[in-house]
Structure formats: structure tokens, C-alpha cells
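A.B. asks: The following block contains the structure, expressed as C-alpha cells.
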Amino acid sequence: MAKQEERSKYEHQRREKLARIRQLDSVEDPYGGRYDGTEAAEAVKSRFRDGDETQQARCAGRIVLLRDIGKLVFITLRDRSGTIQVGMSRKLMSEQWQLTKLLELGDIIGAAGQLGKTKTGEITIWADSLTLLSKSLLPPPEKFHGLSDIDLRYRQRYVDLWANPEVMERFKKRSAIMSTIRGFLESRGFLEVETPMMQTIAGGAAAKPFITHHNSLNMDLFLRIAPELFLKRLLVGGMERVFEINRNFRNEGLSRQHNPEFTMLELYQAYADYNVMMELTEEIISLLVKKYCQGSRLQFDDKTVDFSQPWRRATYSELLKEYSGCDIEDIEAVRARAKELGLDEDEMDDVVVINTVFEATVEDNLVDPTFVIDYPAALCPLTKPKKDKPEYAERFELFIAAMEIANAYTELNDPAIQEENFRIQLRGQQESMATMDSDFISALKYGMPPAGGLGIGIDRLIMVLTGAANIRDVILFPLLQPVTES
RNA sequence: GGGAGUGUAGCUCAGCACGGUAGAGCAACGGCCUUUUAAGCCGUAGGUCCUGGGUUCGAGUCCCAGCACUCUCACCA
């Protein structure tokens, strides 16, 4: 297409420049090689001592700004840590001056020389050595506005990351947060494990799975929708505290809060219950807020979220009463409310109507962190029912900024009840998906210790902690439609 | 799937209400410049105005259809 031709014209110009560079005696290979002894740009700037003219520095990175003043060229170099200015003068560069004048935005270079300050006070490497490490053949985005076409940003994240520094910052923060979470759990004796992503039975949640095929075994496999049933097998095996930071795959719609593959922290602690999980959840997220955010009141989209502790704990039925006005025991009132809300409730079971009304009326109001506790047992096939009120289950969900962030249970460890719950669940499903995980039931029969289990939606948590309103802004390569050839 | 919005130069955006043959900044190309900070100055080049129809003497602009993207609703443990 025309756009492709236009682009190739710019590429053509750069290729011609590359050809000229190859002819220079001072350039061995315009795609460079190992380049040792570099320092992070920001580290160089912070060790700089004004007035000391014996300081040397050596950095490598991408040219993001270039100011050519004739016999003097100033370059802003971006590396993993930030930026530093490199100054090049014809006098100092001597035989490498020709190469200097051929540098372009986007090229990756290494530069070394004396560290100093310019008239305006900018810390600068006055280069006496220049190495071209990679010639860039495509023009970079606009240097001030960066790349803002949202589709292009996701498609070409490799450009987005260096053209928009705040994007790099957000993903660095995501890495740091993951590291903190791992450290926290390890300090409490949790073991990090890996369980199958390809499963013969897609269990542990109710979602449509992706299906794939193994050729030599000639069998279909599901990409996991949750690791839950495998992690519980590890409890049976004697791993009393386990966690997995895992990718789940769900074949459902996409939205600001849903990507088909998403990251979940799932953990199990033997001899604990959902109250222990609640304390742990509040502790770990509060630690992250303290460590990675400014203050305890965070802006998210058009909302302000107050993380001050303690967080609210309210039962499912209390919240239903508070926001829908309905008593959970009065099913006629709940059905009437559903009609008012325009929900098609005729075909639904009572508990589904209740939950639909709950989602429609309550969830949007849960902006500050709120533990919703004690769900109707019929919604929770993997959860231990409450001793005094078996129609409710020992489950909580944590909502922050009206998003479901965490989900936890006192795990059901009675194999007979578990098997019965599976049977009830299977009745409502299509034949193709309906498979009893009898091996899991066998595991329970050997005896699973009572335990608390917790799942935290990592992507959504990162969204809240970094103020990103779209899940695609916290996933490096979100799923997109392929570009159509035309 | 429904609704709303967007699509113009490599990038970031004007122009469209009221139709008259395409604009700016950055980037590029050619000059000038030894202290710039989104460097500056002079000059040059760059467009299937998403695609296809229609209305019109004439469409980037109005109408219809399609495509892509964004937001939103629905669906979604």
C-alpha cells in the first residue's frame, strides 16, 4: 500500500546513510558487538562531582534527541536507567567526526570520554570515543509527543517503551512489585511452584477454555483456566504453603479489565482459613501501596481510592441490602428488583438472580478496598460452607476501584461434598466440557489438610497501583487482532 | 452483538457546522552555526485525506455501505 511505500522511502534514506557509514575507516560493523564497561546513565549523573576534571564515563543507549550545532553535536542518550547528555566536538572526535555527523535519532551508540558540565549546567560526557552499536533503519515517532496512537503503541510496544518513558516506568514498577510479592511470600515459608498449563480437564473456575491439540498423543488439551485443583493436590502431598504466579487463559470477551491471558497469584496455606487469607491480603497489598505509591489515597480513573486500614469487611447479604434494598431471604423482592433493573430473570435460578442483582447494584460502589464475605454456598462449589449457616460459604472477594481484585476461600476438603458439588455443577454444562475430575476427588480422599486459599488478579492490582485504567497498559503484549493484509 | 466517537504527511495534529482541488509542528533532505536542552535560522521535498459507492459542475468536507481502532453497554465466577 501507499503507506508502506512511504515508509520504505524513509527506510531507503537510512539505508543509504548506512552504506556511507560502512565505508568509514572508523567503523568496523554498524551493528556493533560486545561493549564492556558501561555505567547506567543515572548512576553517572549521581556520582558526578562538580569541578573534578579527571572523571571519565562510558555509556551506551539509544539516541532520543539530537542537536547539531555545526562543529558541535549534543545527543540525549537513553538507557535502562534514564538519560544522559553526550557532547561531541569536531576537535575531540577527530577521525570519528564523520561518523558523528551521520548519527540519527534512534541509533544505538556507545560513547566514552571526560565527564563535565556545560554552560547551562547539564552533566555531559564529552566523548572522545564513539561506537555505533546498531543503526536504526526506521524513523522514530515524534520526539515530544511520543507515540500516541493507541493501537500502534500496543502493536509496537518495542517502540512505545522507549518513546514514552512513563510506559517503561510502569513496567519496571510491575517487575518490582512482583519481586516484592515473591519476597514477602518466601519470608513466610511459601514455596513457589509450577503446575500444568495444558490440562486434560479445565477445572478450578467456570470459564470457557481455549482448546489445543497434542499430535503424538492425539488428544485435545485445555489451556488452564485456573491452577487451583493442582495446587490443592500439592497440599495433599504435604506442601503446606505453596504459591504460583501463573498465567490463566479464558476464552471470553475482552474489555478494559479482561485480557484472554492474564496473571494470577494463587496461594494455599494449610491449617488456615479465609480469615487468615483476608489478613494476608490486606497486609500484602498495604505493603505494596506503602512501597510503590505516594500516600494511601490513590487516583484511579475518575475515582479516589482510600487504602487506609483497616479495610471494610461486610457480608454479601449486608451489601445486597445496602445497595439494592433487597433482603437476600426475600427472593420475590430480589426478582422484582431484577425486573426493575431490566434483567431477564425468568429463566434464572434464585441464586443466579441474587448474584446478578448484586453485580448490578453493589459492585460499582466498592471503590475503597472492601472485603465482601460469606457468599451464597451455591455460588461456591470449592468452598467450605459456614458451620452455623451452611447455606453460606466461607469465601470473600476483595473489591478495589469497583474491580474484583482477589477471591479466597476456606477450602473445601471433604471429598464427599466436593464430589456432590461437582455433580451439581456438571448438570448445568454442555456434554463436551462436562468431565468429573475424579483424580482430584481421589486426592481429597487421601486427605487434604484444612486450608485457606487465595487468588489475586495481578494485572488488575498493578492497574490500581500504577493508575492505569486499561489492562492493556499493564500487559506488555496484549492480545490484538492481526493486521489485515490488503 | 448494540450505541457513541475516531481514521488527513513517517509521527503529533488543524481543516469538515457553511463543498471550490491540502495545512502546521516535529522528523527527512540541502545550507549556516563550538554550549544546545522539544536548539535556532534560511531553503526543499513529502498526501489514494481508511476503502467502495452515491449526491454535485465540483467531495477531505454531505449521504450510504464496509473495514480498523477507542470508549461504552451487553456477555463474562
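Letters A, B, ... go to the chains of the C-alpha cells in the order shown; residues in each chain start at 1; ligands are counted from 1 in the same order.
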Any idea which chain B residues end up within 6 Å of chain A if we count only C-alpha atoms (C1' of nucleotides), as a PyMOL selection string please?
C.D. replies: chain B and resi 11+26+33-35+38+77
A.B. asks: Name the residues of segment 51-113 of chain A that come out as helix (DSSP H, G or I) in a backbone DSSP run; write them as a list in words.
C.D. replies: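 Everything in segment 51-113 of chain A that counts as helix (DSSP H, G or I) is Arg90, Lys91, Leu92, Met93, Ser94, Glu95, Gln96, Trp97, Gln98, Leu99, Thr100, Lys101 and Leu102 of chain A.
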A.B. asks: Mind the document's chain letters and residue numbers, and return as a ChimeraX atom specification the residues of segment 214-418 of chain A that DSSP labels strand (DSSP E or B).
C.D. replies: /A:214,219-223,241-249,255,258,261-270,297-300,303-306,312-315,370-376,383,385,392-400,403-411
A.B. asks: Can you tell me which residues surround C64 of chain B at a distance of at most 12 Å, considering only C-alpha atoms (C1' of nucleotides), apart from same-chain residues fewer than 2 positions away, and format the answer as a ChimeraX atom specification?
C.D. replies: /B:52-55,62,66
A.B. asks: Contacts of G1 of chain B at 12 Å or less, counting only C-alpha atoms (C1' of nucleotides), minus same-chain residues fewer than 5 places along, as number ranges by chain?
C.D. replies: A: 253; B: 73-75
A.B. asks: I need the chosen residues saved as a CSV table (one decimal), in the first residue's frame, with C-alpha atoms (C1' of nucleotides).
C.D. replies:
```csv
chain,number,residue,atom,x,y,z
A,253,GLY,CA,-14.7,-11.3,25.9
B,73,C,C1',-23.4,-1.3,27.2
B,74,A,C1',-24.3,-6.5,26.9
B,75,C,C1',-21.8,-11.2,27.8
```
A.B. asks: Would you compute the distance between atom CA of Thr361 of chain A and atom CA of Ile400 of chain A? Give it in Å to one decimal.
C.D. replies: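 The value is 15.5 Å.
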A.B. asks: Could you state the separation of atom CA of Asp473 of chain A and atom CA of Arg153 of chain A in Å, given to one decimal place?
C.D. replies: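 We find that atom CA of Asp473 of chain A and atom CA of Arg153 of chain A lie 9.6 Å from each other.
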A.B. asks: Need the shell around Tyr446 of chain A: protein/DNA/RNA residues with any atom at most 12 Å away, counting only C-alpha atoms (C1' of nucleotides). Skip same-chain ones fewer than 5 positions apart. Format as a PDB file with C-alpha atoms, in the first residue's frame?
C.D. replies:
```pdb
ATOM      1  CA  ARG A 233      -3.108 -31.699  45.153  1.00  0.00           C
ATOM      2  CA  LEU A 234       0.185 -30.284  46.453  1.00  0.00           C
ATOM      3  CA  LEU A 235      -1.471 -29.628  49.818  1.00  0.00           C
ATOM      4  CA  VAL A 236      -2.393 -33.314  49.847  1.00  0.00           C
ATOM      5  CA  GLY A 237       1.227 -34.092  49.011  1.00  0.00           C
ATOM      6  CA  GLY A 238       2.441 -32.205  52.055  1.00  0.00           C
ATOM      7  CA  ASN A 413     -11.602 -30.648  51.911  1.00  0.00           C
ATOM      8  CA  ASP A 414     -14.488 -33.088  52.360  1.00  0.00           C
ATOM      9  CA  PRO A 415     -14.319 -35.389  49.306  1.00  0.00           C
ATOM     10  CA  ASP A 439      -8.400 -37.854  40.272  1.00  0.00           C
ATOM     11  CA  PHE A 440      -8.867 -34.648  42.275  1.00  0.00           C
ATOM     12  CA  ILE A 441     -11.560 -36.392  44.322  1.00  0.00           C
TER      13      ILE A 441
END
```
A.B. asks: What is the atom CA of Arg22 of chain A to atom CA of Gly110 of chain A distance in Å?
C.D. replies: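 Going from atom CA of Arg22 of chain A over to atom CA of Gly110 of chain A covers 17.0 Å.
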A.B. asks: Can you work out which one of B:C50, B:C32, B:A45, B:A4 has the shortest atom-to-atom distance to U72 of chain B, counting only C-alpha atoms (C1' of nucleotides)?
C.D. replies: B:A4
A.B. asks: Mind checking which residues fall within 9 Å of segment 184-198 of chain A, counting only C-alpha atoms (C1' of nucleotides), ignoring those fewer than 6 positions away in the same chain, and posting them as a PyMOL selection string?
C.D. replies: chain A and resi 212+221-227+230-231+239-249+267-269+284
A.B. asks: Store the residues of this selection in a file with C-alpha atoms, as a PDB file, in the first residue's frame.
C.D. replies:
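Wrote it out as selection-v2.pdb, contents follow:
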```pdb
ATOM      1  CA  THR A 212      -5.382 -27.153  21.760  1.00  0.00           C
ATOM      2  CA  LEU A 221      -5.940 -30.355  25.800  1.00  0.00           C
ATOM      3  CA  PHE A 222      -7.262 -27.262  27.532  1.00  0.00           C
ATOM      4  CA  LEU A 223      -5.175 -24.259  28.394  1.00  0.00           C
ATOM      5  CA  ARG A 224      -5.786 -23.839  32.077  1.00  0.00           C
ATOM      6  CA  ILE A 225      -8.462 -21.501  33.341  1.00  0.00           C
ATOM      7  CA  ALA A 226      -7.058 -21.841  36.871  1.00  0.00           C
ATOM      8  CA  PRO A 227      -4.310 -23.800  38.640  1.00  0.00           C
ATOM      9  CA  PHE A 230      -3.305 -28.853  41.034  1.00  0.00           C
ATOM     10  CA  LEU A 231      -2.169 -26.600  43.859  1.00  0.00           C
ATOM     11  CA  MET A 239       3.472 -28.855  50.607  1.00  0.00           C
ATOM     12  CA  GLU A 240       1.732 -26.877  53.291  1.00  0.00           C
ATOM     13  CA  ARG A 241       2.359 -23.416  51.875  1.00  0.00           C
ATOM     14  CA  VAL A 242       2.520 -23.051  48.101  1.00  0.00           C
ATOM     15  CA  PHE A 243       2.016 -20.308  45.588  1.00  0.00           C
ATOM     16  CA  GLU A 244       2.098 -20.000  41.850  1.00  0.00           C
ATOM     17  CA  ILE A 245       2.294 -16.826  39.853  1.00  0.00           C
ATOM     18  CA  ASN A 246       0.536 -18.147  36.835  1.00  0.00           C
ATOM     19  CA  ARG A 247      -0.935 -17.275  33.506  1.00  0.00           C
ATOM     20  CA  ASN A 248      -4.588 -18.234  33.097  1.00  0.00           C
ATOM     21  CA  PHE A 249      -6.390 -18.399  29.786  1.00  0.00           C
ATOM     22  CA  LEU A 267      -1.635 -19.437  47.098  1.00  0.00           C
ATOM     23  CA  TYR A 268      -2.672 -22.065  49.638  1.00  0.00           C
ATOM     24  CA  GLN A 269      -1.870 -22.242  53.319  1.00  0.00           C
ATOM     25  CA  ILE A 284       0.496  -7.677  51.266  1.00  0.00           C
TER      26      ILE A 284
END
```
